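Undergrad: Below: one structure in structure tokens.
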Amino acid sequence: MAEQQTKLTGKQIRQRFLDYFEKHGHTIVSSSSLVPHNDPTLLFTNAGMNQFKDCFLGAEKRAYVRATSSQKCVRAGGKHNDLENVGRTARHHTFFEMLGNFSFGEYFKKEAIAFAWEFLTVDLAIDKSRLYVSVYTDDDEAANIWQQQEGVPKERIFRFEEDNFWAMGDTGPCGPCSEIFYDNGPEAGCDSPDCTVGCDCDRYMEIWNNVFMQFDRQPDGELVPLPKPAVDTGMGLERITTVMQGVLSNYDTDLLRNIIAYIEELSGKRYGDSIENDVSMRVMADHSRASAFLIADGVLPSNEGRGYVLRRIMRRAMRHARMLGFDDPVLFKTAVYVLESMADAYPEEEKRKGFVAKVVENEEKRFIHTLGNGLRILEDEVDKLRAGGNKIIPGEIVFRLYDTFGFPVDLTADIVEKDGFSLDEEGFKRCMEKQRQQAREHWKGSGEEKIGAVYRQLSEEGIKSEFTGYGVTEDHATVRAILRDEAPVASAGVGEKVEIITDQTPFYGESGGQVGDTGRIVAAGASLSVLETKRPLPDLIVHVAQVDRGSLKTGDQIELTVTPEARMSTARNHTATHILQAVLVDILGDHIKQAGSLVEPDRLRFDFTHFSAVSADEINRIEREVNRRVYANQPVAASEMAQDEAIAAGATALFGEKYGDTVRVVKVGDFSMELCGGTHVHASVDIGLFKILSETGIAAGVRRIEAVTGEKAVELVQQQQLILNNSASLLKSDPNQIENRIQRLLERQKEMEREVEALRSQLQTGQAGDLLDQAVEVEGIKVLGTEVESMDGKQLREMADKLRDKLASGVLAIGCEFNGKASLLVAVTKDLTDRLHAGKLVGELAAGVGGRGGGRPDLAQAGGSEPGKLASTLAELPALVAKQLAG
């Protein structure tokens with residue numbers, strides 16, 4: 001056991017760290033969202049430096065050059081944080097907090113090392129004799145600072161190569177690292193006489209990492225010194241808390257032990273009484289943290305990208321909850337407990353606990369249903385394999401249960417072990433690797449396009465665009481840059497497609513769900529069509545244009561004109577989305593949150609969190625209420641204010657969205673107030689008619705409404721009226737009576753279908769009697785194998801029931817061609833199931849038609865790809881029956 005330190009809570013350690021660095025000139029920066037907004041390659045925020053990446057690259061300048069933060073992080077995959085390890089080891093997590101201090105070219109190794117050593121040995125009073133450090137193999141500078149400045153003995157300074165050099169990528173900023181290790185004592189070690197710093201056991205634990213970014217790696221591998229070296233440090237809060245609380249496992253710190261205590265209370269089980277239960281409690285504690293914070297930051301469970309990772313985390317926790325004896329949803333309670341217990345550090349997330357609870361509970365209910373389906377699939381597979389004499393569950397099935405139904409591999413093994421089955425673990429591993437490869441290939445990034453280097457270069461050169469389009473659609477400007485194929489050019493001629501950047505523009509660049517403007521650019525000797533407008537950086541607006549006449553060059557004075565009709569239509573749709581969101585909250589509930597939007601001239605699309613389909617009655621109420629507010633002629637006003645002030649006033653902000661200190665607030669009447677940079681109408685009545693096109697589900701817990709406004713809405717109503725009138729004419733009915741007319745026709749159709757089914761049944765009964773004449777006897781048992789006319793599976797079972805009733809005692813196999821495939825069914829009467837097994841018989845017959853199948857002893861079905869072999873295959877039935885009787 002580690003020596004007892006001054007016992008601080010995790011909360012106290014977090015605050016001490018931030019206070020220490022604030023005292024030393026660092027600005028405390030709030031944790032960024034778990035959804036990265038400045039790195040499209042990153043799945044989740046996984047380090048403190050993520051939100052400062054552009055500062056390190058020199059692409060972003062902030063009001064401070066020293067920063068400190070406590071960053072919430074998620075890692076859920078990869079070499080060092082495989083999900084299956086979480087809960088089974090002392091330090092694997094999906095969610096964790098990373099304490100960090102950062103210098104953007106202001107201080108370097110000497111100061112960073114001094115800060116780290118002083119905080120650990122003075123502020124936290126950790127015994128220096130328990131601390132060791134490492135440096136990069138040839139970083140003599142850092143080694144000398146540790147030895148001469150901080151007095152660390154040379155024998156406590158280790159030099160490593162592989163783990164002590166950090167790089168942001170194949171090229172770009174990189175540099176050596178210097179780590180600090182804490183000695184947990186020999187009882188935490190591996191008992192090897194060679195155990196020392198760098199050993200894989202738990203004795204020497206890394207608690208702090210200083211990254212010294214001092215080089216710029218070139219494409220040819222050359223390391224060029226950076227003009228302003230930077231510092232990026234990280235210390236895991238969970239790890240340093242184990243040191244300060246004298247425990248060896250992160251799960252024994254108050255950061256996680258309090259959650260485990262809550263799970264003890266809910267389950268009635270005690271932590272420490274059972275190894276299996278302890279693992280399940282640790283899994284629930286860790287995964288509750290990850291689930292709560294991911295959902296609070298706007299990630300929702302789904303079947304792709306971030307949502308898929310979240311669903312896997314949640315379902316693993318839910319499975320362990322069931323292993324603890326929970327039959328009803330419980331993870332939503334532990335998720336709320338997490339947010340409430342961490343409210344001091346993350347107050348905004350705690351405000352979303354109601355929403356988080358609904359998302360988690362909804363997913364738990366889905367999982368309970370899914371779990372039952374998974375067990376049935378496993379039971380069916382066991383029956384099929386048993387029929388074929390196989391005792392190994394294929395890797396593909398094990399993977400499907402793991403991936404789709406949340407079954408850990410060891411759970412599947414436990415379930416089938418009692419029946420003498422084992423798993424194809426190698427096949428499972430191949431499927432896992434294939435999935436990882438596909439995930440790498442299909443990961444589309446954070447949802448943001450990677451910002452081109454040329455735009456960052458222009459910004460660094462001081463080229464900016466001021467947006468003037470809130471009040472006008474025409475303006476004059478100077479051409480600051482022309483880009484062709486992502487490279488600056490001096491001019492552009494007829495027929496060329498280029499990107500134009502001006503000092504100011506009335507054109508709105510695509511952002512916030514609103515598409516960019518189109519229009520025209522005119523100069524003294526040129527005319528261009530603006531095809532789209534982009535906004536790759538907050539202060540850079542890019543016109544994608546085609547040169548129709550003459551030539552344009554940098555420095556030219558130009559006139560810019562936005563297409564007014566398209567701008568107005570877009571504004572109608574944008575303001576309508578604000579009104580729609582307010583109405584959705586009023587009618588469906590305050591769990592409604594925006595999950596995405598698209599605003600363009602022809603339509604609007606609004607995605608929102610909701611856990612069931614919106615009923616037809618609710619759609620009508622929503623549409624009526626939106627139109628009522630539109631025609632109430634409410635003013636639409638925009639103003640700028642401090643972000644904190646806007647949020648305090650009740651303005652709605654998007655989950656996880658990155659906003660500046662000053663924000664634009666758009667207010668509609670007294671019922672809608674949102675942070676928004678888009679263009680809007682001046683009064684709600686300018687929107688005109690609002691008409692919903694559709695309401696659909698796009699992911700678990702996410703619905704989508706598409707709608708039109710103004711002239712497009714009028715066109716839609718006229719088109720629908722025309723269809724109604726034409727339909728009434730075809731049905732020879734009045735438009736007002738068309739519903740009754742269709743209802744009567746449908747009832748008549750159902751009546752005719754019942755008559756057809758009755759005739760078919762009579763025909764089958766007669767056919768059954770004829771078919772029985774084909775039965776043969778095998779050792780005194782009637783055996784019938786025959787091909788019948790094409791019918792679906794339901795009809796095939798009905799035919800089998802009739803034949804079995806008439807057969808009284810015996811075996812029958814019938815087959816038919818259906819939709820180009822062979823269908824087979826074998827039935828054994830109850831009195832013979834102790835001697836004959838339908839599942840085994842159908843399995844052997846299926847092989848003859850190029851398929852496979854299985855089932856119960858009394859009834860089994862199969863399919864195959866070769867219907868032409870049905871007759872010859874069914875002729876084998878008597879021999880197969882004789883073989884089974886002999887066996």
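Ligands are numbered from 1 in the order shown, residues from 1 within each chain, and chains are lettered A, B, ... in the order they appear in the structure tokens.
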Per DSSP on the backbone, what are the strand (DSSP E) residues of segment 127-201 of chain A, as a PyMOL selection string?
TA: chain A and resi 131-136+157-160+165-167+172-183
Undergrad: Taking the chain letters and numbering used in this document, name the residues of segment 166-370 of chain A that DSSP puts in alpha helix (DSSP H), as a PyMOL selection string.
TA: chain A and resi 237-245+254-267+275-296+305-323+331-341+347-350+353-370
Undergrad: As a PyMOL selection string, please: the residues near Asp475 of chain A (cut-off 8 Å, only C-alpha atoms, same-chain neighbours under 2 positions excluded).
TA: chain A and resi 468+472-473+477+505-506+559-561
Undergrad: At what distance in Å, to one decimal, does atom CA of Phe102 of chain A lie from atom CA of Glu461 of chain A?
TA: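 Calculated distance between atom CA of Glu461 of chain A and atom CA of Phe102 of chain A is 25.0 Å.
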Undergrad: If I take atom CA of Gly512 of chain A and atom CA of Ala576 of chain A, how far is one from the other in Å, to one decimal?
TA: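 Rounded to one decimal, the two atoms are 14.7 Å apart.
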Undergrad: Please list as a compact mmCIF listing (two decimals) with N, CA and C atoms, in the first residue's frame every residue within 8 Å of Ala637 of chain A, counting only C-alpha atoms and excluding residues in the same chain fewer than 4 positions away.
TA:
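So the final result, stored in around29.txt, reads:
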# COMPACT_ATOMS: atom_id res chain seq x y z
N VAL A 666 -30.50 36.29 -31.12
CA VAL A 666 -31.68 36.58 -31.95
C VAL A 666 -32.92 36.27 -31.12
N LYS A 667 -33.80 37.26 -31.00
CA LYS A 667 -35.00 37.13 -30.19
C LYS A 667 -36.24 37.29 -31.06
N VAL A 668 -37.19 36.36 -30.92
CA VAL A 668 -38.47 36.44 -31.64
C VAL A 668 -39.56 36.63 -30.60
N HIS A 682 -37.38 40.49 -40.45
CA HIS A 682 -37.52 41.57 -39.47
C HIS A 682 -38.71 41.36 -38.54
Undergrad: Quick one: residues within 9 Å of Val783 of chain A, only C-alpha atoms counted, chain neighbours fewer than 5 positions away excluded, as number ranges by chain?
TA: A: 774-778, 810-813, 877-878, 881
Undergrad: What would the file look like if the residues just selected were written as a PDB file, in the first residue's frame with all heavy atoms?
TA:
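For reference, again04.pdb as written:
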ATOM      1  N   GLN A 774     -48.757 -40.539 -51.003  1.00  0.00           N
ATOM      2  CA  GLN A 774     -47.365 -40.729 -51.402  1.00  0.00           C
ATOM      3  C   GLN A 774     -46.482 -41.199 -50.239  1.00  0.00           C
ATOM      4  O   GLN A 774     -45.298 -41.461 -50.416  1.00  0.00           O
ATOM      5  CB  GLN A 774     -46.790 -39.415 -51.960  1.00  0.00           C
ATOM      6  CG  GLN A 774     -47.551 -38.858 -53.147  1.00  0.00           C
ATOM      7  CD  GLN A 774     -47.009 -37.503 -53.575  1.00  0.00           C
ATOM      8  OE1 GLN A 774     -45.850 -37.189 -53.323  1.00  0.00           O
ATOM      9  NE2 GLN A 774     -47.855 -36.708 -54.216  1.00  0.00           N
ATOM     10  N   ALA A 775     -47.058 -41.272 -49.031  1.00  0.00           N
ATOM     11  CA  ALA A 775     -46.271 -41.643 -47.852  1.00  0.00           C
ATOM     12  C   ALA A 775     -45.774 -43.083 -47.948  1.00  0.00           C
ATOM     13  O   ALA A 775     -46.450 -43.958 -48.490  1.00  0.00           O
ATOM     14  CB  ALA A 775     -47.097 -41.456 -46.587  1.00  0.00           C
ATOM     15  N   VAL A 776     -44.570 -43.334 -47.421  1.00  0.00           N
ATOM     16  CA  VAL A 776     -44.005 -44.679 -47.356  1.00  0.00           C
ATOM     17  C   VAL A 776     -43.752 -45.009 -45.886  1.00  0.00           C
ATOM     18  O   VAL A 776     -43.799 -44.133 -45.017  1.00  0.00           O
ATOM     19  CB  VAL A 776     -42.682 -44.763 -48.155  1.00  0.00           C
ATOM     20  CG1 VAL A 776     -42.927 -44.485 -49.619  1.00  0.00           C
ATOM     21  CG2 VAL A 776     -41.622 -43.822 -47.578  1.00  0.00           C
ATOM     22  N   GLU A 777     -43.484 -46.275 -45.608  1.00  0.00           N
ATOM     23  CA  GLU A 777     -43.202 -46.667 -44.229  1.00  0.00           C
ATOM     24  C   GLU A 777     -41.735 -47.033 -44.071  1.00  0.00           C
ATOM     25  O   GLU A 777     -41.153 -47.709 -44.915  1.00  0.00           O
ATOM     26  CB  GLU A 777     -44.075 -47.858 -43.815  1.00  0.00           C
ATOM     27  CG  GLU A 777     -45.516 -47.464 -43.539  1.00  0.00           C
ATOM     28  CD  GLU A 777     -46.246 -48.507 -42.679  1.00  0.00           C
ATOM     29  OE1 GLU A 777     -45.584 -49.464 -42.227  1.00  0.00           O
ATOM     30  OE2 GLU A 777     -47.454 -48.320 -42.455  1.00  0.00           O
ATOM     31  N   VAL A 778     -41.149 -46.543 -42.966  1.00  0.00           N
ATOM     32  CA  VAL A 778     -39.776 -46.883 -42.607  1.00  0.00           C
ATOM     33  C   VAL A 778     -39.810 -47.423 -41.183  1.00  0.00           C
ATOM     34  O   VAL A 778     -40.091 -46.666 -40.238  1.00  0.00           O
ATOM     35  CB  VAL A 778     -38.839 -45.664 -42.709  1.00  0.00           C
ATOM     36  CG1 VAL A 778     -37.438 -46.037 -42.240  1.00  0.00           C
ATOM     37  CG2 VAL A 778     -38.815 -45.103 -44.112  1.00  0.00           C
ATOM     38  N   GLY A 810     -46.019 -39.812 -37.611  1.00  0.00           N
ATOM     39  CA  GLY A 810     -45.086 -39.962 -38.709  1.00  0.00           C
ATOM     40  C   GLY A 810     -44.176 -38.754 -38.875  1.00  0.00           C
ATOM     41  O   GLY A 810     -44.089 -37.888 -38.006  1.00  0.00           O
ATOM     42  N   VAL A 811     -43.484 -38.743 -40.026  1.00  0.00           N
ATOM     43  CA  VAL A 811     -42.542 -37.669 -40.354  1.00  0.00           C
ATOM     44  C   VAL A 811     -42.879 -37.143 -41.733  1.00  0.00           C
ATOM     45  O   VAL A 811     -43.155 -37.933 -42.641  1.00  0.00           O
ATOM     46  CB  VAL A 811     -41.085 -38.188 -40.371  1.00  0.00           C
ATOM     47  CG1 VAL A 811     -40.124 -37.056 -40.700  1.00  0.00           C
ATOM     48  CG2 VAL A 811     -40.725 -38.829 -39.052  1.00  0.00           C
ATOM     49  N   LEU A 812     -42.874 -35.830 -41.873  1.00  0.00           N
ATOM     50  CA  LEU A 812     -43.108 -35.272 -43.204  1.00  0.00           C
ATOM     51  C   LEU A 812     -42.115 -34.160 -43.477  1.00  0.00           C
ATOM     52  O   LEU A 812     -41.672 -33.453 -42.566  1.00  0.00           O
ATOM     53  CB  LEU A 812     -44.542 -34.753 -43.343  1.00  0.00           C
ATOM     54  CG  LEU A 812     -44.975 -33.575 -42.468  1.00  0.00           C
ATOM     55  CD1 LEU A 812     -44.778 -32.259 -43.212  1.00  0.00           C
ATOM     56  CD2 LEU A 812     -46.442 -33.713 -42.084  1.00  0.00           C
ATOM     57  N   ALA A 813     -41.753 -34.052 -44.757  1.00  0.00           N
ATOM     58  CA  ALA A 813     -40.886 -32.969 -45.222  1.00  0.00           C
ATOM     59  C   ALA A 813     -41.487 -32.429 -46.502  1.00  0.00           C
ATOM     60  O   ALA A 813     -41.731 -33.195 -47.454  1.00  0.00           O
ATOM     61  CB  ALA A 813     -39.473 -33.476 -45.463  1.00  0.00           C
ATOM     62  N   LEU A 877     -35.428 -38.437 -47.977  1.00  0.00           N
ATOM     63  CA  LEU A 877     -35.966 -38.417 -46.612  1.00  0.00           C
ATOM     64  C   LEU A 877     -36.068 -39.808 -45.987  1.00  0.00           C
ATOM     65  O   LEU A 877     -35.643 -39.989 -44.837  1.00  0.00           O
ATOM     66  CB  LEU A 877     -37.327 -37.711 -46.596  1.00  0.00           C
ATOM     67  CG  LEU A 877     -37.992 -37.620 -45.216  1.00  0.00           C
ATOM     68  CD1 LEU A 877     -37.139 -36.768 -44.269  1.00  0.00           C
ATOM     69  CD2 LEU A 877     -39.401 -37.019 -45.328  1.00  0.00           C
ATOM     70  N   PRO A 878     -36.659 -40.829 -46.665  1.00  0.00           N
ATOM     71  CA  PRO A 878     -36.763 -42.150 -46.021  1.00  0.00           C
ATOM     72  C   PRO A 878     -35.401 -42.678 -45.559  1.00  0.00           C
ATOM     73  O   PRO A 878     -35.290 -43.239 -44.456  1.00  0.00           O
ATOM     74  CB  PRO A 878     -37.362 -43.027 -47.125  1.00  0.00           C
ATOM     75  CG  PRO A 878     -38.140 -42.065 -47.984  1.00  0.00           C
ATOM     76  CD  PRO A 878     -37.321 -40.826 -47.995  1.00  0.00           C
ATOM     77  N   VAL A 881     -34.317 -40.829 -42.426  1.00  0.00           N
ATOM     78  CA  VAL A 881     -35.077 -41.275 -41.261  1.00  0.00           C
ATOM     79  C   VAL A 881     -34.528 -42.606 -40.763  1.00  0.00           C
ATOM     80  O   VAL A 881     -34.313 -42.821 -39.551  1.00  0.00           O
ATOM     81  CB  VAL A 881     -36.578 -41.381 -41.607  1.00  0.00           C
ATOM     82  CG1 VAL A 881     -37.330 -42.088 -40.475  1.00  0.00           C
ATOM     83  CG2 VAL A 881     -37.169 -40.009 -41.862  1.00  0.00           C
TER      84      VAL A 881
END
Undergrad: Pick out the residues sitting within 12 Å of Leu255 of chain A, and hand them over as an MDAnalysis selection string; count only C-alpha atoms, and ignore anything fewer than 5 positions along from it in its own chain.
TA: chainID A and resid 8:14 95:97 237:242 245 249:250 260:261 282 285:286 289 338 341:342
Undergrad: Return as a Markdown table the residues of segment 258-318 of chain A lying at most 9 Å from segment 20-41 of chain A, together with the closest atom-to-atom pair for each and the distance in Å to one decimal, counting only C-alpha atoms, with rows in chain order and ascending residue number.
TA:
| residue | atom | partner | partner_atom | distance |
| --- | --- | --- | --- | --- |
| A:Phe293 | CA | A:Leu34 | CA | 7.7 |
| A:Leu294 | CA | A:Leu34 | CA | 6.5 |
| A:Asp297 | CA | A:Ser33 | CA | 6.1 |
| A:Gly298 | CA | A:Val35 | CA | 8.0 |
| A:Val299 | CA | A:Val35 | CA | 7.8 |
| A:Arg306 | CA | A:Val35 | CA | 8.7 |
Undergrad: Any chance you can output those residues with N, CA and C atoms as a PDB file, in the first residue's frame?
TA:
ATOM      1  N   PHE A 293     -21.491  12.401 -19.381  1.00  0.00           N
ATOM      2  CA  PHE A 293     -20.824  13.574 -19.953  1.00  0.00           C
ATOM      3  C   PHE A 293     -20.892  13.603 -21.475  1.00  0.00           C
ATOM      4  N   LEU A 294     -20.838  12.458 -22.129  1.00  0.00           N
ATOM      5  CA  LEU A 294     -20.968  12.448 -23.590  1.00  0.00           C
ATOM      6  C   LEU A 294     -22.346  12.937 -24.010  1.00  0.00           C
ATOM      7  N   ASP A 297     -22.826  16.566 -23.582  1.00  0.00           N
ATOM      8  CA  ASP A 297     -22.142  17.331 -24.631  1.00  0.00           C
ATOM      9  C   ASP A 297     -22.753  17.100 -26.014  1.00  0.00           C
ATOM     10  N   GLY A 298     -23.909  16.438 -26.058  1.00  0.00           N
ATOM     11  CA  GLY A 298     -24.648  16.353 -27.310  1.00  0.00           C
ATOM     12  C   GLY A 298     -24.480  15.075 -28.103  1.00  0.00           C
ATOM     13  N   VAL A 299     -23.695  14.105 -27.604  1.00  0.00           N
ATOM     14  CA  VAL A 299     -23.564  12.823 -28.311  1.00  0.00           C
ATOM     15  C   VAL A 299     -24.757  11.951 -27.939  1.00  0.00           C
ATOM     16  N   ARG A 306     -19.421   8.588 -33.256  1.00  0.00           N
ATOM     17  CA  ARG A 306     -19.381   8.768 -31.809  1.00  0.00           C
ATOM     18  C   ARG A 306     -20.555   8.075 -31.126  1.00  0.00           C
TER      19      ARG A 306
END
Undergrad: With only C-alpha atoms as the basis for distance, which of A:Leu324, A:Ile814, A:Ala808, A:Val382 is at the shortest distance from Leu771 of chain A?
TA: A:Ile814
Undergrad: Compile the contact shell of Gly354 of chain A as a list in words: residues with an atom at most 10 Å away, counting only C-alpha atoms, same-chain residues fewer than 6 positions apart removed.
TA: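 My reading of the contact set: Ala296, Phe332, Val336, Asp590 and His591 of chain A.
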